[in-house]
Every structure is written in C-alpha cells, then in structure tokens.
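*Asks:* This is the content of upload15.cif (mmCIF, C-alpha atoms and all ligand atoms):
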data_protein
#
loop_
_atom_site.label_atom_id
_atom_site.label_comp_id
_atom_site.auth_asym_id
_atom_site.auth_seq_id
_atom_site.Cartn_x
_atom_site.Cartn_y
_atom_site.Cartn_z
CA MET A 1 -57.59 -19.34 -30.59
CA LYS A 2 -53.92 -20.32 -30.73
CA ASN A 3 -54.12 -20.20 -34.48
CA LEU A 4 -55.96 -16.89 -34.48
CA ILE A 5 -53.36 -15.04 -32.45
CA LYS A 6 -50.64 -16.65 -34.59
CA ARG A 7 -52.36 -15.31 -37.68
CA LEU A 8 -52.70 -11.86 -36.18
CA VAL A 9 -49.00 -11.90 -35.29
CA ASP A 10 -48.19 -12.93 -38.85
CA LEU A 11 -50.52 -10.25 -40.19
CA GLN A 12 -48.76 -7.72 -38.00
CA GLU A 13 -45.43 -8.88 -39.40
CA CYS A 14 -46.75 -8.33 -42.95
CA ASP A 15 -48.04 -4.86 -42.09
CA SER A 16 -44.83 -3.85 -40.33
CA GLN A 17 -42.76 -5.07 -43.27
CA LEU A 18 -44.97 -3.20 -45.72
CA VAL A 19 -44.55 0.03 -43.72
CA LYS A 20 -40.78 -0.49 -43.64
CA LEU A 21 -40.72 -1.12 -47.38
CA SER A 22 -42.75 1.96 -48.25
CA THR A 23 -40.39 4.06 -46.10
CA LYS A 24 -37.46 2.48 -47.91
CA LYS A 25 -38.98 3.28 -51.26
CA VAL A 26 -39.27 6.95 -50.27
CA ASP A 27 -35.88 7.19 -48.53
CA LEU A 28 -33.59 5.22 -50.82
CA PRO A 29 -33.53 7.63 -53.80
CA GLY A 30 -32.59 10.45 -51.40
CA LYS A 31 -29.86 8.29 -49.86
CA ILE A 32 -28.46 7.48 -53.29
CA GLN A 33 -28.46 11.17 -54.22
CA ALA A 34 -26.78 12.14 -50.93
CA LEU A 35 -24.10 9.51 -51.54
CA GLU A 36 -23.57 10.92 -55.03
CA ASP A 37 -23.35 14.52 -53.79
CA ALA A 38 -20.91 13.64 -51.01
CA PHE A 39 -18.71 11.77 -53.48
CA GLU A 40 -18.63 14.75 -55.86
CA VAL A 41 -17.53 17.02 -53.00
CA PHE A 42 -14.85 14.49 -52.03
CA LYS A 43 -13.59 14.20 -55.62
CA GLU A 44 -13.47 17.97 -55.95
CA SER A 45 -11.40 18.28 -52.76
CA VAL A 46 -8.95 15.60 -53.87
CA ALA A 47 -8.65 17.06 -57.37
CA GLN A 48 -7.06 20.33 -56.21
CA ASN A 49 -3.50 19.32 -57.15
CA LYS A 50 -4.65 18.19 -60.58
CA LYS A 51 -6.47 21.47 -61.06
CA LYS A 52 -3.31 23.39 -60.15
CA TYR A 53 -1.27 21.16 -62.47
CA ASP A 54 -3.65 21.82 -65.36
CA GLU A 55 -3.45 25.56 -64.76
CA LEU A 56 0.36 25.40 -64.88
CA LYS A 57 0.20 23.34 -68.06
CA LYS A 58 -2.12 25.89 -69.63
CA SER A 59 0.25 28.72 -68.64
CA HIS A 60 3.14 26.76 -70.17
CA ALA A 61 1.21 26.37 -73.42
CA ASP A 62 0.43 30.11 -73.41
CA CYS A 63 4.15 30.83 -73.02
CA GLU A 64 4.91 28.63 -76.02
CA VAL A 65 2.42 30.62 -78.12
CA GLN A 66 3.99 33.90 -76.98
CA ILE A 67 7.48 32.68 -77.88
CA LYS A 68 6.30 31.60 -81.30
CA LYS A 69 4.79 35.03 -81.92
CA ASN A 70 7.90 36.69 -80.60
CA ASN A 71 10.08 34.63 -82.94
CA GLU A 72 7.90 35.56 -85.90
CA THR A 73 8.13 39.24 -85.05
CA VAL A 74 11.89 39.07 -84.68
CA GLY A 75 12.15 37.16 -87.95
CA LYS A 76 10.21 39.85 -89.83
CA THR A 77 12.24 42.64 -88.25
CA LYS A 78 15.44 40.88 -89.31
CA GLU A 79 14.15 40.65 -92.90
CA ARG A 80 13.32 44.33 -92.89
CA LEU A 81 16.80 45.04 -91.52
CA LEU A 82 18.23 44.08 -94.94
CA GLU A 83 16.19 46.73 -96.67
CA VAL A 84 16.96 49.55 -94.25
CA LYS A 85 18.22 52.78 -95.92
CA ASN A 86 19.72 54.74 -93.06
CA ASN A 87 21.61 54.14 -89.89
CA LYS A 88 18.99 55.69 -87.58
CA GLU A 89 16.35 53.25 -88.78
CA TYR A 90 18.87 50.43 -88.53
CA GLN A 91 19.64 51.27 -84.89
CA ALA A 92 15.96 51.47 -84.02
CA MET A 93 15.36 48.02 -85.45
CA LEU A 94 18.31 46.56 -83.59
CA LYS A 95 16.72 47.93 -80.41
CA GLU A 96 13.41 46.29 -81.34
CA ILE A 97 15.14 42.97 -81.80
CA GLU A 98 17.01 43.38 -78.53
CA ALA A 99 13.78 44.17 -76.66
CA ALA A 100 12.03 41.14 -78.21
CA ASP A 101 14.96 38.92 -77.21
CA ALA A 102 14.72 40.21 -73.66
CA VAL A 103 10.99 39.43 -73.56
CA ARG A 104 11.66 35.94 -74.86
CA GLY A 105 14.31 35.43 -72.19
CA GLU A 106 11.79 36.37 -69.53
CA ILE A 107 9.17 34.03 -70.92
CA GLU A 108 11.69 31.21 -71.07
CA SER A 109 12.60 31.72 -67.39
CA GLN A 110 8.89 31.65 -66.54
CA MET A 111 8.57 28.36 -68.42
CA ILE A 112 11.43 26.82 -66.45
CA VAL A 113 9.69 27.74 -63.18
CA LEU A 114 6.39 26.36 -64.52
CA ILE A 115 8.01 23.04 -65.43
CA GLU A 116 9.65 22.79 -62.01
CA ASP A 117 6.31 23.42 -60.31
CA MET A 118 4.61 20.85 -62.54
CA ASP A 119 7.29 18.28 -61.70
CA LYS A 120 6.68 18.84 -57.99
CA LEU A 121 2.96 18.25 -58.47
CA THR A 122 3.27 15.14 -60.65
CA GLU A 123 3.74 12.74 -57.71
CA LEU A 124 0.89 14.32 -55.76
CA VAL A 125 -1.42 14.15 -58.76
CA LYS A 126 -0.59 10.46 -59.25
CA ARG A 127 -1.29 9.76 -55.59
CA ASP A 128 -4.58 11.69 -55.76
CA GLU A 129 -5.65 9.82 -58.89
CA GLU A 130 -5.05 6.54 -57.09
CA THR A 131 -7.06 7.80 -54.11
CA ILE A 132 -9.93 8.77 -56.40
CA ARG A 133 -9.73 5.46 -58.26
CA GLU A 134 -10.05 3.48 -55.03
CA ALA A 135 -12.77 5.74 -53.67
CA THR A 136 -14.70 5.45 -56.94
CA GLN A 137 -14.71 1.66 -56.63
CA ARG A 138 -16.01 1.84 -53.08
CA HIS A 139 -18.54 4.48 -54.05
CA GLU A 140 -19.86 2.41 -56.95
CA GLN A 141 -20.22 -0.62 -54.67
CA GLU A 142 -22.13 1.37 -52.06
CA LYS A 143 -24.33 2.89 -54.72
CA SER A 144 -25.10 -0.43 -56.37
CA ILE A 145 -26.08 -1.94 -53.00
CA LEU A 146 -28.63 0.87 -52.52
CA ALA A 147 -29.80 0.64 -56.13
CA ARG A 148 -30.32 -3.11 -55.75
CA GLU A 149 -32.24 -2.55 -52.50
CA LEU A 150 -34.46 -0.09 -54.31
CA GLU A 151 -35.02 -2.54 -57.16
CA GLU A 152 -35.97 -5.26 -54.71
CA VAL A 153 -38.48 -3.13 -52.81
CA ASP A 154 -41.29 -3.62 -55.34
CA SER A 155 -40.99 -7.38 -55.48
CA GLU A 156 -40.78 -7.60 -51.69
CA VAL A 157 -43.90 -5.44 -51.41
CA ALA A 158 -45.70 -7.83 -53.79
CA GLN A 159 -44.59 -10.83 -51.71
CA TRP A 160 -45.73 -9.39 -48.38
CA ARG A 161 -49.02 -8.21 -49.88
CA GLY A 162 -49.69 -11.68 -51.25
CA LYS A 163 -48.89 -13.24 -47.90
CA ARG A 164 -51.12 -10.70 -46.16
CA GLU A 165 -54.06 -11.35 -48.44
CA ALA A 166 -53.86 -15.08 -47.81
CA LEU A 167 -53.69 -14.54 -44.03
CA GLN A 168 -56.56 -12.10 -44.09
CA GLN A 169 -58.82 -14.83 -45.47
CA GLU A 170 -58.16 -16.87 -42.36
CA VAL A 171 -59.07 -14.19 -39.81
CA PRO A 172 -62.78 -13.63 -38.96
CA PRO A 173 -63.92 -10.23 -40.29
CA ASP A 174 -64.85 -8.83 -36.85
CA LEU A 175 -61.42 -9.69 -35.44
CA LEU A 176 -59.76 -8.29 -38.54
CA GLY A 177 -61.74 -5.08 -38.08
CA ARG A 178 -60.70 -4.88 -34.41
CA TYR A 179 -57.06 -5.40 -35.35
CA GLU A 180 -57.21 -2.75 -38.10
CA ARG A 181 -58.85 -0.18 -35.82
CA ILE A 182 -56.35 -0.71 -33.00
CA LYS A 183 -53.44 -0.73 -35.42
CA HIS A 184 -54.63 2.51 -36.97
CA ARG A 185 -54.70 4.26 -33.59
CA ASN A 186 -51.36 2.82 -32.44
CA HIS A 187 -48.75 3.77 -35.03
CA GLY A 188 -49.34 0.70 -37.15
CA VAL A 189 -49.05 -1.88 -34.36
CA GLY A 190 -52.24 -3.68 -33.36
CA VAL A 191 -50.93 -6.83 -31.74
CA ILE A 192 -48.16 -6.94 -29.19
CA PRO A 193 -46.20 -9.42 -27.04
CA VAL A 194 -46.34 -9.17 -23.27
CA TRP A 195 -43.56 -10.47 -21.03
CA LYS A 196 -43.00 -10.17 -17.28
CA GLY A 197 -46.22 -8.22 -16.96
CA VAL A 198 -45.12 -5.42 -19.30
CA CYS A 199 -46.85 -4.51 -22.56
CA GLY A 200 -44.32 -4.60 -25.43
CA GLY A 201 -46.13 -1.71 -27.10
CA CYS A 202 -46.68 0.98 -24.47
CA HIS A 203 -44.29 -0.53 -21.86
CA MET A 204 -46.86 -0.12 -19.10
CA ASN A 205 -47.41 -2.77 -16.45
CA ILE A 206 -50.39 -5.04 -16.99
CA PRO A 207 -52.44 -5.59 -13.81
CA PRO A 208 -51.32 -8.94 -12.31
CA GLN A 209 -54.76 -10.49 -12.60
CA LEU A 210 -54.98 -9.62 -16.29
CA TYR A 211 -51.45 -10.91 -16.82
CA ASN A 212 -52.41 -14.22 -15.24
CA GLU A 213 -55.51 -14.36 -17.36
CA LEU A 214 -53.46 -13.67 -20.48
CA GLN A 215 -51.34 -16.72 -19.78
CA ARG A 216 -54.31 -18.99 -19.13
CA SER A 217 -57.28 -17.64 -21.04
CA ALA A 218 -58.16 -18.40 -24.63
CA GLU A 219 -59.69 -14.98 -25.07
CA LEU A 220 -57.98 -12.24 -27.09
CA LEU A 221 -57.28 -9.61 -24.45
CA SER A 222 -56.32 -5.98 -24.96
CA CYS A 223 -53.77 -3.89 -23.06
CA PRO A 224 -55.77 -1.59 -20.75
CA ASN A 225 -53.45 1.30 -21.58
CA CYS A 226 -52.81 1.18 -25.35
CA ASN A 227 -55.64 -1.18 -26.24
CA ARG A 228 -53.43 -3.38 -28.41
CA ILE A 229 -54.27 -7.08 -28.64
CA MET A 230 -51.87 -8.89 -26.34
CA TYR A 231 -50.18 -12.26 -26.45
CA PHE A 232 -47.91 -13.84 -23.92
CA GLN A 233 -44.39 -14.32 -25.13
CA ASP A 234 -41.16 -15.37 -23.52
CA PRO A 235 -38.52 -13.51 -25.59
CA GLY A 236 -36.28 -16.56 -25.25
CA GLN A 237 -38.82 -18.78 -26.97
CA ASN A 238 -41.20 -18.62 -29.88
CA ALA A 239 -44.59 -17.05 -29.31
CA LYS A 240 -46.57 -19.09 -26.83
CA GLN A 241 -50.22 -18.50 -27.42
CA SER A 242 -52.74 -18.32 -24.61
ZN ZN A 301 -50.00 -1.42 -24.05
#
As structure tokens, what does this structure read like?
*Replies:*
Amino acid sequence: MKNLIKRLVDLQECDSQLVKLSTKKVDLPGKIQALEDAFEVFKESVAQNKKKYDELKKSHADCEVQIKKNNETVGKTKERLLEVKNNKEYQAMLKEIEAADAVRGEIESQMIVLIEDMDKLTELVKRDEETIREATQRHEQEKSILARELEEVDSEVAQWRGKREALQQEVPPDLLGRYERIKHRNHGVGVIPVWKGVCGGCHMNIPPQLYNELQRSAELLSCPNCNRIMYFQDPGQNAKQS
C-alpha cells in the first residue's frame, strides 16, 4: 500500500507537470510576441529625437537642392545679360538676379537654423542610441530565455510521458481508473496530501475519526468532500504513507 500511494503521488506529479507544460506551450508564443510588441513601442518612443534629426537633415538636403537650382538660374540669367539689346530688358534681368539672390539668402539663413537645431539634437540622439542598444541586449536575452523554454517544452513532455507510462504499469487497473475518474472531476488533481486534519485539495476539515484512520490504515481513503484520494503528509517531511 505504501508503494501504491507513492506511485499515485508520482503519477499525479507527472500529470500536473504535463498540464503545466501544455499550458506553457500555448502561452509562450503569446508571451514572446507581447515582449516583441512592447519592445517595438519602447524603441519607437525613444527614437523620437532621431526622427526629428532625420527630418531636419532632409530639410537641409532640400535647401541644398534649392540653392543649386537657384545658382543655375542666376548663372543663366547672367549669361543672357551679355546678349541684352536694351536697357529696359537689362534692368528687368538685374531685378531677377537680385530677387534670386534674396531667395538664396533666405534659404541660407534657414540652413543655419537647421544646422543649429541638428547640433542640439546630436547629443540626445547619441544618448538615445545607447539606451536602445542596451535595451536591445536585455530584450534579446529575455526573448532567448522564452524561446529556449519553448524549445524545451517538447522534450520535457516526452520525459514526463515516458515516466508516466512506466508508473502506470505499476498501478492496478482498477486503482488507476479510480484515480483518473477523480482527477477528471477535480481539475486534474486526483490524489492529495492531508495535514492537521485539512484536505490539501478542497481545504475542508476531515472528520477526526477519518483523519486518525488515514494515519493508521493501509486503505486508500477518499476525502468526503472532494473525493480525492488522500495521503497523510507532514509538510516538513517527505510523504509518509499510511
Ligand atoms: Zn478534499
């Protein structure tokens, strides 16, 4: 009898582990995805300065293109100036050149402001990049821990199943059937420790007489409330079988 309850307890351990593992297998991919999503949001929030910097840089490049075009236009106007026949036309062209110069002056002032703003952001962008670099390392570590856990689930399932099958051979079929039925009706737990007169499954008090019997008798007794197979166990010691 001692051995039987020990086997049932071991069987219960296998079943509980298998339930845990199948939950893990369902939950882990979602956890990994959630980690990934949260990290993307974090990166996006930290990357605001860089985004602003890139926008300024783009504006600066646009200004350069405008100045180049402006210079080309002025250059052509100046060439045409040499061929001008009358004074009126000549004056008009001078005005064109003057206007283009004014535009260029404006663009150049804009560019100075852009460069100043970019300079201010440079330090912040560097700091943010360092923050992201460190966070990426941590993130990758966390992710690889979860990925490894997920990889290990299948082999752990195989181990516990193997162990369970071996144990099952050593439990009489009628007892195995009783255990399975009770387990099925009790959220996967069919065998339960009892200590100080309280069932470890439903936490109800066991009648004193039954509790005494549990400590003395060789019979496999069930909790009158939840019907689980009971065994006497002092939490401070290993399972002591009745
Ligand atoms: Zn109970």
*Asks:* Rank nothing, just name the residue among A:Glu130, A:Cys199, A:Ile229, A:Leu221 nearest to ligand ZN 301 (chain A), using only C-alpha atoms and all ligand atoms.
*Replies:*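 Checking each of A:Glu130, A:Cys199, A:Ile229, A:Leu221 against ligand ZN 301 (chain A), counting only C-alpha atoms and all ligand atoms, the winner is A:Cys199.
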*Asks:* Write out as a compact mmCIF listing (two decimals) with C-alpha atoms, keeping the file's coordinate frame which residues come within 8 Å of A:Tyr179 when counting all atoms listed in the file, dropping same-chain ones fewer than 5 positions away.
*Replies:*
# COMPACT_ATOMS: atom_id res chain seq x y z
CA LEU A 8 -52.70 -11.86 -36.18
CA GLY A 190 -52.24 -3.68 -33.36
CA VAL A 191 -50.93 -6.83 -31.74
CA ILE A 229 -54.27 -7.08 -28.64
*Asks:* Applying 12 Å and only C-alpha atoms, which residues near A:Glu149 remain after dropping the ones on its own chain fewer than 4 positions away? List them as a tab-separated table (two decimals) with C-alpha atoms, in the frame of the given file.
*Replies:*
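Okay, selection.tsv is ready:
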chain	number	residue	atom	x	y	z
A	21	LEU	CA	-40.72	-1.12	-47.38
A	24	LYS	CA	-37.46	2.48	-47.91
A	25	LYS	CA	-38.98	3.28	-51.26
A	27	ASP	CA	-35.88	7.19	-48.53
A	28	LEU	CA	-33.59	5.22	-50.82
A	29	PRO	CA	-33.53	7.63	-53.80
A	31	LYS	CA	-29.86	8.29	-49.86
A	32	ILE	CA	-28.46	7.48	-53.29
A	142	GLU	CA	-22.13	1.37	-52.06
A	143	LYS	CA	-24.33	2.89	-54.72
A	144	SER	CA	-25.10	-0.43	-56.37
A	145	ILE	CA	-26.08	-1.94	-53.00
A	153	VAL	CA	-38.48	-3.13	-52.81
A	154	ASP	CA	-41.29	-3.62	-55.34
A	155	SER	CA	-40.99	-7.38	-55.48
A	156	GLU	CA	-40.78	-7.60	-51.69
*Asks:* Could you work out how far atom CA of A:Lys20 lies from atom CA of A:Leu176, giving the answer in Å with one decimal?
*Replies:*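 Computing it gives 21.1 Å between the two atoms.
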*Asks:* Quick one: contact table of chain A to ligand ZN 301 (chain A), 10 Å max, nearest atom pair and distance in Å to one decimal per residue, counting only C-alpha atoms and all ligand atoms, chain and number order, as a Markdown table?
*Replies:*
| residue | atom | partner | partner_atom | distance |
| --- | --- | --- | --- | --- |
| A:Asn186 | CA | A:ZN301 | ZN | 9.5 |
| A:Gly190 | CA | A:ZN301 | ZN | 9.8 |
| A:Val191 | CA | A:ZN301 | ZN | 9.4 |
| A:Ile192 | CA | A:ZN301 | ZN | 7.8 |
| A:Pro193 | CA | A:ZN301 | ZN | 9.3 |
| A:Val194 | CA | A:ZN301 | ZN | 8.6 |
| A:Val198 | CA | A:ZN301 | ZN | 7.9 |
| A:Cys199 | CA | A:ZN301 | ZN | 4.7 |
| A:Gly200 | CA | A:ZN301 | ZN | 6.7 |
| A:Gly201 | CA | A:ZN301 | ZN | 4.9 |
| A:Cys202 | CA | A:ZN301 | ZN | 4.1 |
| A:His203 | CA | A:ZN301 | ZN | 6.2 |
| A:Met204 | CA | A:ZN301 | ZN | 6.0 |
| A:Asn205 | CA | A:ZN301 | ZN | 8.1 |
| A:Ile206 | CA | A:ZN301 | ZN | 7.9 |
| A:Ser222 | CA | A:ZN301 | ZN | 7.8 |
| A:Cys223 | CA | A:ZN301 | ZN | 4.6 |
| A:Pro224 | CA | A:ZN301 | ZN | 6.6 |
| A:Asn225 | CA | A:ZN301 | ZN | 5.0 |
| A:Cys226 | CA | A:ZN301 | ZN | 4.0 |
| A:Asn227 | CA | A:ZN301 | ZN | 6.1 |
| A:Arg228 | CA | A:ZN301 | ZN | 5.9 |
| A:Ile229 | CA | A:ZN301 | ZN | 8.4 |
| A:Met230 | CA | A:ZN301 | ZN | 8.0 |
*Asks:* Limited to C-alpha atoms, could you put the picked residues into a file as a compact mmCIF listing (two decimals), in the frame of the given file?
*Replies:*
# COMPACT_ATOMS: atom_id res chain seq x y z
CA ASN A 186 -51.36 2.82 -32.44
CA GLY A 190 -52.24 -3.68 -33.36
CA VAL A 191 -50.93 -6.83 -31.74
CA ILE A 192 -48.16 -6.94 -29.19
CA PRO A 193 -46.20 -9.42 -27.04
CA VAL A 194 -46.34 -9.17 -23.27
CA VAL A 198 -45.12 -5.42 -19.30
CA CYS A 199 -46.85 -4.51 -22.56
CA GLY A 200 -44.32 -4.60 -25.43
CA GLY A 201 -46.13 -1.71 -27.10
CA CYS A 202 -46.68 0.98 -24.47
CA HIS A 203 -44.29 -0.53 -21.86
CA MET A 204 -46.86 -0.12 -19.10
CA ASN A 205 -47.41 -2.77 -16.45
CA ILE A 206 -50.39 -5.04 -16.99
CA SER A 222 -56.32 -5.98 -24.96
CA CYS A 223 -53.77 -3.89 -23.06
CA PRO A 224 -55.77 -1.59 -20.75
CA ASN A 225 -53.45 1.30 -21.58
CA CYS A 226 -52.81 1.18 -25.35
CA ASN A 227 -55.64 -1.18 -26.24
CA ARG A 228 -53.43 -3.38 -28.41
CA ILE A 229 -54.27 -7.08 -28.64
CA MET A 230 -51.87 -8.89 -26.34
*Asks:* As an exercise, work out the distance from atom CA of A:Gln233 to atom CA of A:Trp195 in Å and give it to one decimal place.
*Replies:* 5.7 Å
*Asks:* For A:Asp62, which residue among A:Gln137, A:Gly236, A:Met111, A:Val9 is the nearest when counting all atoms listed in the file?
*Replies:*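 For A:Asp62, the nearest of the candidates is A:Met111.
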*Asks:* Go through A:Ala34, A:Ile112, A:Met118, A:Val65 one by one, measure the shortest atom-to-atom distance of each to A:Tyr53 using all atoms listed in the file, and give the residue with the smallest value.
*Replies:* A:Met118
*Asks:* Rank A:Arg133, A:Arg148, A:Lys57, A:Arg164 by their smallest atom-to-atom distance to A:Asp117, using all atoms listed in the file, and report the top residue only.
*Replies:*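 Of all the options, A:Lys57 lies closest to A:Asp117.
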*Asks:* Could stretch 180-198 of chain A be completed with N, CA and C atoms and written as a PDB file, keeping the file's coordinate frame, please?
*Replies:*
ATOM      1  N   GLU A 180     -57.463  -3.922 -37.229  1.00  0.00           N
ATOM      2  CA  GLU A 180     -57.210  -2.750 -38.100  1.00  0.00           C
ATOM      3  C   GLU A 180     -57.431  -1.446 -37.331  1.00  0.00           C
ATOM      4  N   ARG A 181     -58.528  -1.404 -36.574  1.00  0.00           N
ATOM      5  CA  ARG A 181     -58.850  -0.180 -35.820  1.00  0.00           C
ATOM      6  C   ARG A 181     -57.757   0.131 -34.794  1.00  0.00           C
ATOM      7  N   ILE A 182     -57.375  -0.906 -34.043  1.00  0.00           N
ATOM      8  CA  ILE A 182     -56.350  -0.710 -33.000  1.00  0.00           C
ATOM      9  C   ILE A 182     -55.017  -0.320 -33.636  1.00  0.00           C
ATOM     10  N   LYS A 183     -54.709  -0.992 -34.709  1.00  0.00           N
ATOM     11  CA  LYS A 183     -53.440  -0.730 -35.420  1.00  0.00           C
ATOM     12  C   LYS A 183     -53.408   0.730 -35.882  1.00  0.00           C
ATOM     13  N   HIS A 184     -54.528   1.160 -36.429  1.00  0.00           N
ATOM     14  CA  HIS A 184     -54.630   2.510 -36.970  1.00  0.00           C
ATOM     15  C   HIS A 184     -54.371   3.568 -35.893  1.00  0.00           C
ATOM     16  N   ARG A 185     -54.854   3.279 -34.674  1.00  0.00           N
ATOM     17  CA  ARG A 185     -54.700   4.260 -33.590  1.00  0.00           C
ATOM     18  C   ARG A 185     -53.355   4.144 -32.883  1.00  0.00           C
ATOM     19  N   ASN A 186     -52.594   3.103 -33.192  1.00  0.00           N
ATOM     20  CA  ASN A 186     -51.360   2.820 -32.440  1.00  0.00           C
ATOM     21  C   ASN A 186     -50.117   2.718 -33.335  1.00  0.00           C
ATOM     22  N   HIS A 187     -49.951   3.696 -34.182  1.00  0.00           N
ATOM     23  CA  HIS A 187     -48.750   3.770 -35.030  1.00  0.00           C
ATOM     24  C   HIS A 187     -48.472   2.471 -35.785  1.00  0.00           C
ATOM     25  N   GLY A 188     -49.533   1.873 -36.293  1.00  0.00           N
ATOM     26  CA  GLY A 188     -49.340   0.700 -37.150  1.00  0.00           C
ATOM     27  C   GLY A 188     -49.150  -0.615 -36.435  1.00  0.00           C
ATOM     28  N   VAL A 189     -49.236  -0.612 -35.096  1.00  0.00           N
ATOM     29  CA  VAL A 189     -49.050  -1.880 -34.360  1.00  0.00           C
ATOM     30  C   VAL A 189     -50.319  -2.211 -33.577  1.00  0.00           C
ATOM     31  N   GLY A 190     -50.973  -3.303 -33.969  1.00  0.00           N
ATOM     32  CA  GLY A 190     -52.240  -3.680 -33.360  1.00  0.00           C
ATOM     33  C   GLY A 190     -52.146  -4.873 -32.431  1.00  0.00           C
ATOM     34  N   VAL A 191     -51.062  -5.623 -32.550  1.00  0.00           N
ATOM     35  CA  VAL A 191     -50.930  -6.830 -31.740  1.00  0.00           C
ATOM     36  C   VAL A 191     -49.511  -6.854 -31.166  1.00  0.00           C
ATOM     37  N   ILE A 192     -49.420  -7.196 -29.892  1.00  0.00           N
ATOM     38  CA  ILE A 192     -48.160  -6.940 -29.190  1.00  0.00           C
ATOM     39  C   ILE A 192     -47.840  -8.037 -28.184  1.00  0.00           C
ATOM     40  N   PRO A 193     -46.552  -8.419 -28.052  1.00  0.00           N
ATOM     41  CA  PRO A 193     -46.200  -9.420 -27.040  1.00  0.00           C
ATOM     42  C   PRO A 193     -46.141  -8.793 -25.640  1.00  0.00           C
ATOM     43  N   VAL A 194     -46.433  -9.608 -24.667  1.00  0.00           N
ATOM     44  CA  VAL A 194     -46.340  -9.170 -23.270  1.00  0.00           C
ATOM     45  C   VAL A 194     -45.424 -10.157 -22.550  1.00  0.00           C
ATOM     46  N   TRP A 195     -44.520  -9.624 -21.763  1.00  0.00           N
ATOM     47  CA  TRP A 195     -43.560 -10.470 -21.030  1.00  0.00           C
ATOM     48  C   TRP A 195     -43.258  -9.824 -19.700  1.00  0.00           C
ATOM     49  N   LYS A 196     -43.235 -10.631 -18.657  1.00  0.00           N
ATOM     50  CA  LYS A 196     -43.000 -10.170 -17.280  1.00  0.00           C
ATOM     51  C   LYS A 196     -43.954  -9.042 -16.896  1.00  0.00           C
ATOM     52  N   GLY A 197     -45.187  -9.173 -17.354  1.00  0.00           N
ATOM     53  CA  GLY A 197     -46.220  -8.220 -16.960  1.00  0.00           C
ATOM     54  C   GLY A 197     -46.123  -6.857 -17.607  1.00  0.00           C
ATOM     55  N   VAL A 198     -45.272  -6.726 -18.646  1.00  0.00           N
ATOM     56  CA  VAL A 198     -45.120  -5.420 -19.300  1.00  0.00           C
ATOM     57  C   VAL A 198     -45.559  -5.509 -20.763  1.00  0.00           C
TER      58      VAL A 198
END
